[in-house]
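In what follows, a structure is listed as C-alpha cells, so that the remarks can point back to it.
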Amino acid sequence: MTANLLEFDLEGLAVFCERLGEKRFRATQLFRWIHQKGASEFDQMSDLAKSLREKLKVHAHVQALPVLSEHVSADGTIKWLFNVGDGNAVETVFIPEDDRGTLCISSQAGCAVGCRFCSTGHQGFSRNLTTAEILGQLWFAEHFLRRHLKVDSRVISNVVMMGMGEPLQNYSALLPALKAMLDDHGYGLSRRRVTVSTSGVVPMMDRLAADCPVALAVSLHAPTDALRDNLVPLNRKYPLDELLRTCTRYLAHAPRDFITFEYCMLDGVNDQPEHAEALIALVRQHGRDGLRCKFNLIPFNPFPASGLLRSPQARVLAFAKQLQDAGLVTTVRKTRGDDIDAACGQLAGDVKDRTQVQTRIAQQRTIMLRPVDEISR
Ligand code: SF4
C-alpha cells in the first residue's frame with residue numbers, strides 16, 4: 001500500500017523522505033506543492049528531481065476522501081458530505097463572511113460523547129478519522145474554492161474543529177493535522193485562527209496546551225454539574241470545577257487569548273435568568289478577575305430524537321444581555337445554511353454505531369429535565 005501524503009505534517013513528511021533515501025529538505029518542496037498549490041500528481045511538481053518523482057509514484061499518493069454530495073446554501077454556505085466507507089459519511093462546512101472564510105471540519109465518524117442536544121451524538125460512534133482524512137477536508141475545500149472562485153490566494157482564513165466528533169478523543173490524528181494548518185509551508189494559519197472545540201476532555205486539553213495551543217472552544221451548555229451531567233455526559237468524568245481549572249491552565253500557554261464557551265440555548269432547560277446568574281458566578285470563581293473568556297450563545301437546531309426545543313429569540317437576547325451586563329463578552333451565533341441543514345450531523349445520517357452510544361442516549365432520554373409539552377406551553 002502506498003502512503004497518503006496528506007497523512008503527514010512537515011516533520012512526518014521529512015521522515016518519509018528520509019525513508020525513501022532523500023534529503024529532509026525535499027519534504028518542504030513537496031509539502032508546498034501539496035498544500036499551497038493543491039497538487040496531487042507528482043508530475044506537476046516540476047522543481048522536484050525526476051528520480052524523486054518516480055519514487056513518489058511508486059510509494060505515495062495524495063488523496064482526500066471521496067465526495068458524496070455538495071449542497072450550496074442561498075447565503076453562500078457550502079456543505080460537503082464525504083464518504084468514509086462502511087456506509088458512513090462525515091460533513092465539512094464552508095462559511096463565507098465579509099472578512100473571513102471559515103471551514104468547519106469533522107474529526108470522527110459519529111461521536112461517542114453523546115451530548116443530548118447534538119444530532120451527531122445521537123447517531124453513535126463508528127471510528128476515528130485519520131490525519132489524511134481530517135487534513136484532506138481542508139486540502140480539498142481550499143483548492144476546490146480557489147478553482148471555483150478563480151483565485152490564487154488563500155480562501156479559507158479560519159478553521160474550526162467543530163464538525164462531527166470530539167477532536168480531543170482523536171488526538172494522535174488531530175495533532176499533525178493542526179501542525180500542517182499552522183505551518184508556513186502549509187496553510188500558514190495563525191494559532192488564533194484555528195479553533196479546537198471540546199466537550200471537556202481534560203487530560204487532552206493539557207496536552208494540546210503543551211503541544212499546539214491553538215484557540216480553544218469549550219462546549220459548556222450548563223452552569224451546574226447536575227444539569228451538565230445530563231446534557232454533556234462527559235461531565236460525570238470531568239466536572240465543571242476541574243474543567244474550568246484546566247481552562248485557566250490552558251490560558252497560561254496562550255497569553256492574551258481567551259476561551260470561547262459554547263452555550264446551546266435550550267428552551268426551559270438552561271436559558272433562565274438563574275442559569276445566567278450561575279454562569280457569571282462560575283466564571284468569577286476562577287481567577288481574581290474571572291477566567292478570560294467569551295460566551296457564544298447558539299440557537300438550538302431542533303431534531304425530533306432530542307426531545308428539546310429552541311429557546312425563543314427574546315429569551316436568548318435577554319440571556320446575552322444579562323451576561324454582558326456582568327462584563328462578559330457575549331455573542332449570539334448567527335444561523336447559517338439553514339436551507340441545507342448545515343448544523344453538525346444533520347446530513348450525514350446514522351453512522352454504524354459501534355459503541356452503543358445510541359442505546360445509552362435512549363436510556364438517558366427517559367430522564368426528562370422537563371416534559372416537552374410543559375416546555376412548549
Ligand atoms: S456536541 Fe460534539 S462532543 Fe457532543 S456529541 Fe456532538 S460532536 Fe460529540
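A note on labels: chains of the C-alpha cells are A, B, ... as shown, every chain counts residues from 1, and ligands are counted from 1 in their shown order.
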Surrounding residues as a ChimeraX atom specification, ligand 1, max 9 Å, only C-alpha atoms and all ligand atoms: /A:106-108,110-125,162-167,197-200,219,231-234,344-345
Selected residues written out with N, CA and C atoms, as an mmCIF file, in the first residue's frame:
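So out25.cif came out as:
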```cif
data_model
loop_
_atom_site.group_PDB
_atom_site.id
_atom_site.type_symbol
_atom_site.label_atom_id
_atom_site.label_comp_id
_atom_site.auth_asym_id
_atom_site.auth_seq_id
_atom_site.Cartn_x
_atom_site.Cartn_y
_atom_site.Cartn_z
ATOM 1 N N SER A 106 -14.672 17.894 10.403
ATOM 2 C CA SER A 106 -15.011 16.756 11.270
ATOM 3 C C SER A 106 -13.748 15.988 11.667
ATOM 4 N N SER A 107 -13.802 15.373 12.842
ATOM 5 C CA SER A 107 -12.645 14.609 13.325
ATOM 6 C C SER A 107 -12.949 13.124 13.530
ATOM 7 N N GLN A 108 -14.226 12.760 13.570
ATOM 8 C CA GLN A 108 -14.607 11.355 13.774
ATOM 9 C C GLN A 108 -15.866 11.067 12.951
ATOM 10 N N GLY A 110 -19.202 9.998 13.446
ATOM 11 C CA GLY A 110 -20.034 9.901 14.648
ATOM 12 C C GLY A 110 -19.297 10.469 15.844
ATOM 13 N N CYS A 111 -19.809 10.212 17.034
ATOM 14 C CA CYS A 111 -19.159 10.708 18.250
ATOM 15 C C CYS A 111 -19.627 9.867 19.420
ATOM 16 N N ALA A 112 -18.679 9.556 20.323
ATOM 17 C CA ALA A 112 -19.019 8.681 21.452
ATOM 18 C C ALA A 112 -19.470 9.459 22.683
ATOM 19 N N VAL A 113 -19.388 10.808 22.636
ATOM 20 C CA VAL A 113 -19.698 11.577 23.851
ATOM 21 C C VAL A 113 -21.209 11.582 24.122
ATOM 22 N N GLY A 114 -21.992 11.688 23.075
ATOM 23 C CA GLY A 114 -23.443 11.551 23.251
ATOM 24 C C GLY A 114 -24.125 12.732 23.928
ATOM 25 N N CYS A 115 -23.801 13.967 23.495
ATOM 26 C CA CYS A 115 -24.493 15.136 24.065
ATOM 27 C C CYS A 115 -25.955 15.100 23.616
ATOM 28 N N ARG A 116 -26.835 15.482 24.530
ATOM 29 C CA ARG A 116 -28.271 15.298 24.262
ATOM 30 C C ARG A 116 -28.823 16.179 23.161
ATOM 31 N N PHE A 117 -28.205 17.338 22.966
ATOM 32 C CA PHE A 117 -28.744 18.317 22.013
ATOM 33 C C PHE A 117 -28.068 18.191 20.656
ATOM 34 N N CYS A 118 -27.230 17.150 20.481
ATOM 35 C CA CYS A 118 -26.397 17.085 19.278
ATOM 36 C C CYS A 118 -26.829 15.929 18.383
ATOM 37 N N SER A 119 -27.087 16.281 17.140
ATOM 38 C CA SER A 119 -27.553 15.290 16.173
ATOM 39 C C SER A 119 -26.487 14.211 15.945
ATOM 40 N N THR A 120 -25.215 14.623 15.870
ATOM 41 C CA THR A 120 -24.131 13.642 15.707
ATOM 42 C C THR A 120 -24.094 12.694 16.899
ATOM 43 N N GLY A 121 -24.197 13.269 18.101
ATOM 44 C CA GLY A 121 -24.136 12.451 19.315
ATOM 45 C C GLY A 121 -25.204 11.373 19.332
ATOM 46 N N HIS A 122 -26.364 11.676 18.747
ATOM 47 C CA HIS A 122 -27.460 10.704 18.735
ATOM 48 C C HIS A 122 -27.226 9.580 17.730
ATOM 49 N N GLN A 123 -26.307 9.807 16.779
ATOM 50 C CA GLN A 123 -26.077 8.776 15.762
ATOM 51 C C GLN A 123 -25.122 7.698 16.234
ATOM 52 N N GLY A 124 -24.415 7.932 17.348
ATOM 53 C CA GLY A 124 -23.442 6.950 17.822
ATOM 54 C C GLY A 124 -22.076 7.179 17.197
ATOM 55 N N PHE A 125 -21.165 6.251 17.473
ATOM 56 C CA PHE A 125 -19.772 6.408 17.049
ATOM 57 C C PHE A 125 -19.368 5.243 16.170
ATOM 58 N N MET A 162 -15.156 21.733 14.649
ATOM 59 C CA MET A 162 -16.475 21.719 15.295
ATOM 60 C C MET A 162 -17.455 20.875 14.504
ATOM 61 N N GLY A 163 -16.962 20.096 13.545
ATOM 62 C CA GLY A 163 -17.858 19.226 12.794
ATOM 63 C C GLY A 163 -18.191 17.989 13.611
ATOM 64 N N MET A 164 -18.336 16.857 12.933
ATOM 65 C CA MET A 164 -18.679 15.639 13.665
ATOM 66 C C MET A 164 -17.476 15.190 14.503
ATOM 67 N N GLY A 165 -17.777 14.741 15.722
ATOM 68 C CA GLY A 165 -16.743 14.122 16.542
ATOM 69 C C GLY A 165 -16.187 15.023 17.621
ATOM 70 N N GLU A 166 -15.552 14.384 18.616
ATOM 71 C CA GLU A 166 -14.839 15.088 19.679
ATOM 72 C C GLU A 166 -13.359 15.030 19.311
ATOM 73 N N PRO A 167 -12.784 16.149 18.823
ATOM 74 C CA PRO A 167 -11.411 16.100 18.306
ATOM 75 C C PRO A 167 -10.393 15.601 19.323
ATOM 76 N N SER A 197 -12.649 22.645 19.269
ATOM 77 C CA SER A 197 -13.798 22.692 20.169
ATOM 78 C C SER A 197 -13.900 21.359 20.895
ATOM 79 N N THR A 198 -13.986 21.417 22.219
ATOM 80 C CA THR A 198 -14.038 20.186 23.001
ATOM 81 C C THR A 198 -15.203 20.206 23.976
ATOM 82 N N SER A 199 -15.715 19.018 24.267
ATOM 83 C CA SER A 199 -16.749 18.904 25.292
ATOM 84 C C SER A 199 -16.111 18.828 26.681
ATOM 85 N N GLY A 200 -14.761 18.854 26.733
ATOM 86 C CA GLY A 200 -14.075 18.911 28.028
ATOM 87 C C GLY A 200 -13.274 17.669 28.361
ATOM 88 N N SER A 219 -17.455 23.329 24.930
ATOM 89 C CA SER A 219 -18.917 23.180 24.898
ATOM 90 C C SER A 219 -19.409 23.132 26.338
ATOM 91 N N LEU A 231 -26.704 16.914 30.110
ATOM 92 C CA LEU A 231 -26.593 17.402 28.726
ATOM 93 C C LEU A 231 -25.310 16.937 28.043
ATOM 94 N N VAL A 232 -24.212 16.919 28.806
ATOM 95 C CA VAL A 232 -22.901 16.530 28.264
ATOM 96 C C VAL A 232 -22.368 15.411 29.172
ATOM 97 N N PRO A 233 -22.618 14.147 28.833
ATOM 98 C CA PRO A 233 -22.309 13.060 29.772
ATOM 99 C C PRO A 233 -20.847 13.007 30.232
ATOM 100 N N LEU A 234 -19.932 13.582 29.443
ATOM 101 C CA LEU A 234 -18.520 13.574 29.829
ATOM 102 C C LEU A 234 -18.292 14.352 31.129
ATOM 103 N N CYS A 344 -24.275 20.641 12.509
ATOM 104 C CA CYS A 344 -23.478 19.420 12.554
ATOM 105 C C CYS A 344 -24.309 18.137 12.610
ATOM 106 N N GLY A 345 -23.988 17.211 11.750
ATOM 107 C CA GLY A 345 -24.560 15.863 11.828
ATOM 108 C C GLY A 345 -25.916 15.694 11.174
#
```
Members of region 95-250 of chain A assigned helix (DSSP H, G or I) by DSSP, as a PDB file with N, CA and C atoms, in the first residue's frame:
```pdb
ATOM      1  N   SER A 119     -27.087  16.281  17.140  1.00  0.00           N
ATOM      2  CA  SER A 119     -27.553  15.290  16.173  1.00  0.00           C
ATOM      3  C   SER A 119     -26.487  14.211  15.945  1.00  0.00           C
ATOM      4  N   THR A 120     -25.215  14.623  15.870  1.00  0.00           N
ATOM      5  CA  THR A 120     -24.131  13.642  15.707  1.00  0.00           C
ATOM      6  C   THR A 120     -24.094  12.694  16.899  1.00  0.00           C
ATOM      7  N   GLY A 121     -24.197  13.269  18.101  1.00  0.00           N
ATOM      8  CA  GLY A 121     -24.136  12.451  19.315  1.00  0.00           C
ATOM      9  C   GLY A 121     -25.204  11.373  19.332  1.00  0.00           C
ATOM     10  N   HIS A 122     -26.364  11.676  18.747  1.00  0.00           N
ATOM     11  CA  HIS A 122     -27.460  10.704  18.735  1.00  0.00           C
ATOM     12  C   HIS A 122     -27.226   9.580  17.730  1.00  0.00           C
ATOM     13  N   GLN A 123     -26.307   9.807  16.779  1.00  0.00           N
ATOM     14  CA  GLN A 123     -26.077   8.776  15.762  1.00  0.00           C
ATOM     15  C   GLN A 123     -25.122   7.698  16.234  1.00  0.00           C
ATOM     16  N   THR A 131      -5.336  11.277  10.075  1.00  0.00           N
ATOM     17  CA  THR A 131      -4.854  12.641   9.794  1.00  0.00           C
ATOM     18  C   THR A 131      -5.176  13.027   8.351  1.00  0.00           C
ATOM     19  N   ALA A 132      -4.960  12.087   7.415  1.00  0.00           N
ATOM     20  CA  ALA A 132      -5.216  12.399   5.995  1.00  0.00           C
ATOM     21  C   ALA A 132      -6.688  12.737   5.777  1.00  0.00           C
ATOM     22  N   GLU A 133      -7.571  12.072   6.507  1.00  0.00           N
ATOM     23  CA  GLU A 133      -9.000  12.337   6.339  1.00  0.00           C
ATOM     24  C   GLU A 133      -9.401  13.673   6.971  1.00  0.00           C
ATOM     25  N   ILE A 134      -8.712  14.058   8.053  1.00  0.00           N
ATOM     26  CA  ILE A 134      -9.000  15.357   8.691  1.00  0.00           C
ATOM     27  C   ILE A 134      -8.413  16.488   7.831  1.00  0.00           C
ATOM     28  N   LEU A 135      -7.100  16.385   7.571  1.00  0.00           N
ATOM     29  CA  LEU A 135      -6.421  17.443   6.817  1.00  0.00           C
ATOM     30  C   LEU A 135      -6.935  17.496   5.383  1.00  0.00           C
ATOM     31  N   GLY A 136      -7.318  16.348   4.846  1.00  0.00           N
ATOM     32  CA  GLY A 136      -7.831  16.273   3.476  1.00  0.00           C
ATOM     33  C   GLY A 136      -9.088  17.111   3.287  1.00  0.00           C
ATOM     34  N   GLN A 137      -9.862  17.325   4.357  1.00  0.00           N
ATOM     35  CA  GLN A 137     -11.061  18.173   4.240  1.00  0.00           C
ATOM     36  C   GLN A 137     -10.642  19.608   3.921  1.00  0.00           C
ATOM     37  N   LEU A 138      -9.573  20.089   4.595  1.00  0.00           N
ATOM     38  CA  LEU A 138      -9.071  21.447   4.326  1.00  0.00           C
ATOM     39  C   LEU A 138      -8.431  21.504   2.942  1.00  0.00           C
ATOM     40  N   TRP A 139      -7.606  20.510   2.643  1.00  0.00           N
ATOM     41  CA  TRP A 139      -6.908  20.473   1.342  1.00  0.00           C
ATOM     42  C   TRP A 139      -7.932  20.511   0.205  1.00  0.00           C
ATOM     43  N   PHE A 140      -8.948  19.670   0.319  1.00  0.00           N
ATOM     44  CA  PHE A 140      -9.970  19.618  -0.736  1.00  0.00           C
ATOM     45  C   PHE A 140     -10.703  20.959  -0.842  1.00  0.00           C
ATOM     46  N   ALA A 141     -11.201  21.453   0.304  1.00  0.00           N
ATOM     47  CA  ALA A 141     -12.048  22.650   0.290  1.00  0.00           C
ATOM     48  C   ALA A 141     -11.276  23.870  -0.204  1.00  0.00           C
ATOM     49  N   GLU A 142     -10.052  24.055   0.302  1.00  0.00           N
ATOM     50  CA  GLU A 142      -9.263  25.234  -0.087  1.00  0.00           C
ATOM     51  C   GLU A 142      -9.029  25.256  -1.597  1.00  0.00           C
ATOM     52  N   HIS A 143      -8.618  24.127  -2.151  1.00  0.00           N
ATOM     53  CA  HIS A 143      -8.245  24.132  -3.566  1.00  0.00           C
ATOM     54  C   HIS A 143      -9.469  24.053  -4.472  1.00  0.00           C
ATOM     55  N   PHE A 144     -10.530  23.428  -3.980  1.00  0.00           N
ATOM     56  CA  PHE A 144     -11.797  23.466  -4.719  1.00  0.00           C
ATOM     57  C   PHE A 144     -12.270  24.927  -4.824  1.00  0.00           C
ATOM     58  N   LEU A 145     -12.246  25.638  -3.709  1.00  0.00           N
ATOM     59  CA  LEU A 145     -12.749  27.017  -3.689  1.00  0.00           C
ATOM     60  C   LEU A 145     -11.896  27.940  -4.557  1.00  0.00           C
ATOM     61  N   ARG A 146     -10.564  27.737  -4.504  1.00  0.00           N
ATOM     62  CA  ARG A 146      -9.703  28.580  -5.361  1.00  0.00           C
ATOM     63  C   ARG A 146     -10.044  28.375  -6.831  1.00  0.00           C
ATOM     64  N   ARG A 147     -10.230  27.095  -7.214  1.00  0.00           N
ATOM     65  CA  ARG A 147     -10.572  26.835  -8.636  1.00  0.00           C
ATOM     66  C   ARG A 147     -11.936  27.433  -8.971  1.00  0.00           C
ATOM     67  N   HIS A 148     -12.878  27.211  -8.062  1.00  0.00           N
ATOM     68  CA  HIS A 148     -14.252  27.654  -8.255  1.00  0.00           C
ATOM     69  C   HIS A 148     -14.332  29.185  -8.360  1.00  0.00           C
ATOM     70  N   LEU A 149     -13.582  29.870  -7.489  1.00  0.00           N
ATOM     71  CA  LEU A 149     -13.628  31.341  -7.452  1.00  0.00           C
ATOM     72  C   LEU A 149     -12.594  31.968  -8.393  1.00  0.00           C
ATOM     73  N   PRO A 167     -12.784  16.149  18.823  1.00  0.00           N
ATOM     74  CA  PRO A 167     -11.411  16.100  18.306  1.00  0.00           C
ATOM     75  C   PRO A 167     -10.393  15.601  19.323  1.00  0.00           C
ATOM     76  N   LEU A 168     -10.618  15.925  20.607  1.00  0.00           N
ATOM     77  CA  LEU A 168      -9.608  15.531  21.602  1.00  0.00           C
ATOM     78  C   LEU A 168      -9.730  14.051  21.981  1.00  0.00           C
ATOM     79  N   GLN A 169     -10.707  13.360  21.447  1.00  0.00           N
ATOM     80  CA  GLN A 169     -10.726  11.901  21.598  1.00  0.00           C
ATOM     81  C   GLN A 169     -10.097  11.231  20.371  1.00  0.00           C
ATOM     82  N   TYR A 171      -6.781  12.425  19.349  1.00  0.00           N
ATOM     83  CA  TYR A 171      -5.687  13.391  19.457  1.00  0.00           C
ATOM     84  C   TYR A 171      -4.510  13.075  18.539  1.00  0.00           C
ATOM     85  N   SER A 172      -4.139  11.785  18.449  1.00  0.00           N
ATOM     86  CA  SER A 172      -2.918  11.460  17.688  1.00  0.00           C
ATOM     87  C   SER A 172      -3.107  11.775  16.204  1.00  0.00           C
ATOM     88  N   ALA A 173      -4.319  11.693  15.703  1.00  0.00           N
ATOM     89  CA  ALA A 173      -4.561  12.057  14.302  1.00  0.00           C
ATOM     90  C   ALA A 173      -4.739  13.573  14.164  1.00  0.00           C
ATOM     91  N   LEU A 174      -5.302  14.193  15.192  1.00  0.00           N
ATOM     92  CA  LEU A 174      -5.569  15.637  15.138  1.00  0.00           C
ATOM     93  C   LEU A 174      -4.280  16.464  15.092  1.00  0.00           C
ATOM     94  N   LEU A 175      -3.307  16.096  15.955  1.00  0.00           N
ATOM     95  CA  LEU A 175      -2.143  16.963  16.153  1.00  0.00           C
ATOM     96  C   LEU A 175      -1.362  17.240  14.857  1.00  0.00           C
ATOM     97  N   PRO A 176      -1.002  16.206  14.050  1.00  0.00           N
ATOM     98  CA  PRO A 176      -0.286  16.532  12.802  1.00  0.00           C
ATOM     99  C   PRO A 176      -1.136  17.389  11.859  1.00  0.00           C
ATOM    100  N   ALA A 177      -2.451  17.187  11.869  1.00  0.00           N
ATOM    101  CA  ALA A 177      -3.319  17.995  11.003  1.00  0.00           C
ATOM    102  C   ALA A 177      -3.247  19.466  11.441  1.00  0.00           C
ATOM    103  N   LEU A 178      -3.295  19.719  12.750  1.00  0.00           N
ATOM    104  CA  LEU A 178      -3.198  21.103  13.245  1.00  0.00           C
ATOM    105  C   LEU A 178      -1.853  21.704  12.866  1.00  0.00           C
ATOM    106  N   LYS A 179      -0.794  20.903  13.021  1.00  0.00           N
ATOM    107  CA  LYS A 179       0.550  21.435  12.728  1.00  0.00           C
ATOM    108  C   LYS A 179       0.665  21.813  11.255  1.00  0.00           C
ATOM    109  N   ALA A 180       0.063  21.008  10.377  1.00  0.00           N
ATOM    110  CA  ALA A 180       0.097  21.340   8.943  1.00  0.00           C
ATOM    111  C   ALA A 180      -0.695  22.616   8.656  1.00  0.00           C
ATOM    112  N   MET A 181      -1.787  22.827   9.389  1.00  0.00           N
ATOM    113  CA  MET A 181      -2.586  24.049   9.195  1.00  0.00           C
ATOM    114  C   MET A 181      -1.778  25.295   9.564  1.00  0.00           C
ATOM    115  N   LEU A 182      -0.963  25.174  10.643  1.00  0.00           N
ATOM    116  CA  LEU A 182      -0.206  26.336  11.132  1.00  0.00           C
ATOM    117  C   LEU A 182       1.097  26.550  10.367  1.00  0.00           C
ATOM    118  N   ARG A 191      -2.211  30.789  14.906  1.00  0.00           N
ATOM    119  CA  ARG A 191      -2.698  29.954  16.024  1.00  0.00           C
ATOM    120  C   ARG A 191      -4.112  30.365  16.447  1.00  0.00           C
ATOM    121  N   ARG A 192      -4.395  31.658  16.360  1.00  0.00           N
ATOM    122  CA  ARG A 192      -5.700  32.132  16.835  1.00  0.00           C
ATOM    123  C   ARG A 192      -6.811  31.906  15.819  1.00  0.00           C
ATOM    124  N   ARG A 193      -6.445  31.513  14.603  1.00  0.00           N
ATOM    125  CA  ARG A 193      -7.465  31.290  13.568  1.00  0.00           C
ATOM    126  C   ARG A 193      -7.772  29.812  13.376  1.00  0.00           C
ATOM    127  N   VAL A 202     -10.403  16.721  29.673  1.00  0.00           N
ATOM    128  CA  VAL A 202      -9.437  17.472  30.468  1.00  0.00           C
ATOM    129  C   VAL A 202      -7.968  17.081  30.206  1.00  0.00           C
ATOM    130  N   PRO A 203      -7.590  15.801  30.264  1.00  0.00           N
ATOM    131  CA  PRO A 203      -6.151  15.497  30.090  1.00  0.00           C
ATOM    132  C   PRO A 203      -5.639  15.923  28.719  1.00  0.00           C
ATOM    133  N   MET A 204      -6.489  15.818  27.703  1.00  0.00           N
ATOM    134  CA  MET A 204      -6.049  16.176  26.359  1.00  0.00           C
ATOM    135  C   MET A 204      -6.020  17.693  26.152  1.00  0.00           C
ATOM    136  N   MET A 205      -6.788  18.434  26.930  1.00  0.00           N
ATOM    137  CA  MET A 205      -6.683  19.895  26.881  1.00  0.00           C
ATOM    138  C   MET A 205      -5.287  20.304  27.364  1.00  0.00           C
ATOM    139  N   ASP A 206      -4.799  19.634  28.405  1.00  0.00           N
ATOM    140  CA  ASP A 206      -3.441  19.922  28.883  1.00  0.00           C
ATOM    141  C   ASP A 206      -2.404  19.545  27.832  1.00  0.00           C
ATOM    142  N   ARG A 207      -2.613  18.421  27.159  1.00  0.00           N
ATOM    143  CA  ARG A 207      -1.666  18.004  26.108  1.00  0.00           C
ATOM    144  C   ARG A 207      -1.647  19.027  24.978  1.00  0.00           C
ATOM    145  N   LEU A 208      -2.839  19.472  24.573  1.00  0.00           N
ATOM    146  CA  LEU A 208      -2.937  20.433  23.469  1.00  0.00           C
ATOM    147  C   LEU A 208      -2.239  21.739  23.848  1.00  0.00           C
ATOM    148  N   ALA A 209      -2.417  22.163  25.108  1.00  0.00           N
ATOM    149  CA  ALA A 209      -1.775  23.399  25.571  1.00  0.00           C
ATOM    150  C   ALA A 209      -0.266  23.294  25.398  1.00  0.00           C
ATOM    151  N   ALA A 210       0.291  22.137  25.709  1.00  0.00           N
ATOM    152  CA  ALA A 210       1.746  21.971  25.637  1.00  0.00           C
ATOM    153  C   ALA A 210       2.211  21.775  24.193  1.00  0.00           C
ATOM    154  N   ASP A 211       1.434  21.064  23.383  1.00  0.00           N
ATOM    155  CA  ASP A 211       1.888  20.680  22.030  1.00  0.00           C
ATOM    156  C   ASP A 211       1.590  21.722  20.968  1.00  0.00           C
ATOM    157  N   ASP A 225     -23.120  21.211  37.704  1.00  0.00           N
ATOM    158  CA  ASP A 225     -22.810  19.807  37.373  1.00  0.00           C
ATOM    159  C   ASP A 225     -24.084  18.994  37.177  1.00  0.00           C
ATOM    160  N   ALA A 226     -25.101  19.262  37.989  1.00  0.00           N
ATOM    161  CA  ALA A 226     -26.325  18.450  37.887  1.00  0.00           C
ATOM    162  C   ALA A 226     -26.903  18.550  36.477  1.00  0.00           C
ATOM    163  N   LEU A 227     -26.945  19.766  35.932  1.00  0.00           N
ATOM    164  CA  LEU A 227     -27.517  19.952  34.596  1.00  0.00           C
ATOM    165  C   LEU A 227     -26.551  19.472  33.507  1.00  0.00           C
ATOM    166  N   ARG A 228     -25.270  19.769  33.690  1.00  0.00           N
ATOM    167  CA  ARG A 228     -24.305  19.393  32.634  1.00  0.00           C
ATOM    168  C   ARG A 228     -24.119  17.876  32.568  1.00  0.00           C
ATOM    169  N   ASP A 229     -24.222  17.204  33.719  1.00  0.00           N
ATOM    170  CA  ASP A 229     -24.148  15.725  33.697  1.00  0.00           C
ATOM    171  C   ASP A 229     -25.160  15.163  32.713  1.00  0.00           C
ATOM    172  N   ASN A 230     -26.320  15.813  32.660  1.00  0.00           N
ATOM    173  CA  ASN A 230     -27.397  15.319  31.806  1.00  0.00           C
ATOM    174  C   ASN A 230     -27.209  15.711  30.343  1.00  0.00           C
ATOM    175  N   LEU A 231     -26.704  16.914  30.110  1.00  0.00           N
ATOM    176  CA  LEU A 231     -26.593  17.402  28.726  1.00  0.00           C
ATOM    177  C   LEU A 231     -25.310  16.937  28.043  1.00  0.00           C
ATOM    178  N   PRO A 233     -22.618  14.147  28.833  1.00  0.00           N
ATOM    179  CA  PRO A 233     -22.309  13.060  29.772  1.00  0.00           C
ATOM    180  C   PRO A 233     -20.847  13.007  30.232  1.00  0.00           C
ATOM    181  N   LEU A 234     -19.932  13.582  29.443  1.00  0.00           N
ATOM    182  CA  LEU A 234     -18.520  13.574  29.829  1.00  0.00           C
ATOM    183  C   LEU A 234     -18.292  14.352  31.129  1.00  0.00           C
ATOM    184  N   ASN A 235     -19.276  15.186  31.496  1.00  0.00           N
ATOM    185  CA  ASN A 235     -19.143  15.982  32.720  1.00  0.00           C
ATOM    186  C   ASN A 235     -19.049  15.095  33.961  1.00  0.00           C
ATOM    187  N   ARG A 236     -19.612  13.895  33.875  1.00  0.00           N
ATOM    188  CA  ARG A 236     -19.544  12.993  35.042  1.00  0.00           C
ATOM    189  C   ARG A 236     -18.106  12.587  35.307  1.00  0.00           C
ATOM    190  N   LEU A 240     -17.326  20.365  36.286  1.00  0.00           N
ATOM    191  CA  LEU A 240     -17.097  21.765  35.912  1.00  0.00           C
ATOM    192  C   LEU A 240     -15.877  22.408  36.578  1.00  0.00           C
ATOM    193  N   ASP A 241     -15.707  22.154  37.873  1.00  0.00           N
ATOM    194  CA  ASP A 241     -14.587  22.812  38.552  1.00  0.00           C
ATOM    195  C   ASP A 241     -13.260  22.394  37.912  1.00  0.00           C
ATOM    196  N   GLU A 242     -13.128  21.091  37.659  1.00  0.00           N
ATOM    197  CA  GLU A 242     -11.907  20.576  37.034  1.00  0.00           C
ATOM    198  C   GLU A 242     -11.754  21.142  35.612  1.00  0.00           C
ATOM    199  N   LEU A 243     -12.869  21.222  34.914  1.00  0.00           N
ATOM    200  CA  LEU A 243     -12.838  21.726  33.539  1.00  0.00           C
ATOM    201  C   LEU A 243     -12.367  23.188  33.505  1.00  0.00           C
ATOM    202  N   LEU A 244     -12.923  24.004  34.398  1.00  0.00           N
ATOM    203  CA  LEU A 244     -12.549  25.419  34.383  1.00  0.00           C
ATOM    204  C   LEU A 244     -11.121  25.654  34.874  1.00  0.00           C
ATOM    205  N   ARG A 245     -10.668  24.808  35.806  1.00  0.00           N
ATOM    206  CA  ARG A 245      -9.254  24.908  36.223  1.00  0.00           C
ATOM    207  C   ARG A 245      -8.339  24.597  35.029  1.00  0.00           C
ATOM    208  N   THR A 246      -8.759  23.622  34.231  1.00  0.00           N
ATOM    209  CA  THR A 246      -7.956  23.246  33.051  1.00  0.00           C
ATOM    210  C   THR A 246      -7.949  24.385  32.041  1.00  0.00           C
ATOM    211  N   CYS A 247      -9.080  25.061  31.906  1.00  0.00           N
ATOM    212  CA  CYS A 247      -9.139  26.237  31.008  1.00  0.00           C
ATOM    213  C   CYS A 247      -8.142  27.297  31.477  1.00  0.00           C
ATOM    214  N   THR A 248      -8.075  27.530  32.777  1.00  0.00           N
ATOM    215  CA  THR A 248      -7.138  28.527  33.315  1.00  0.00           C
ATOM    216  C   THR A 248      -5.700  28.121  32.997  1.00  0.00           C
ATOM    217  N   ARG A 249      -5.402  26.824  33.184  1.00  0.00           N
ATOM    218  CA  ARG A 249      -4.046  26.350  32.850  1.00  0.00           C
ATOM    219  C   ARG A 249      -3.767  26.531  31.360  1.00  0.00           C
ATOM    220  N   TYR A 250      -4.783  26.288  30.533  1.00  0.00           N
ATOM    221  CA  TYR A 250      -4.598  26.404  29.080  1.00  0.00           C
ATOM    222  C   TYR A 250      -4.183  27.826  28.717  1.00  0.00           C
TER     223      TYR A 250
END
```
Given only C-alpha atoms as the counted atoms, nearest of A:Leu189, A:Val214, A:Ala254, A:Val84 to Leu68 (chain A):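 Checking each candidate against Leu68 (chain A), we get A:Val84 as the closest.
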Contact residues around Cys293 (chain A) with only C-alpha atoms at 8 Å, ignoring same-chain residues under 5 positions, as a list of chain:residue names: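 In the requested format, the answer is A:Phe258, A:Ile259, A:Thr260, A:Phe261, A:Leu328, A:Val329.
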Two-atom distance - CA of Met1 (chain A), CA of Val62 (chain A) (Å):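 Rounded to one decimal, the two atoms are 12.8 Å apart.
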CA of Ile298 (chain A) to CA of Thr331 (chain A), distance in Å rounded to a single decimal: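 Computed distance, CA of Ile298 (chain A) to CA of Thr331 (chain A), equals 8.8 Å.
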Top pick for closest residue to Leu48 (chain A), considering A:Asn128, A:Asn88, A:Gln63, A:Gln29 and counting only C-alpha atoms: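 Looking only at the distances to Leu48 (chain A), the closest residue turns out to be A:Gln29.
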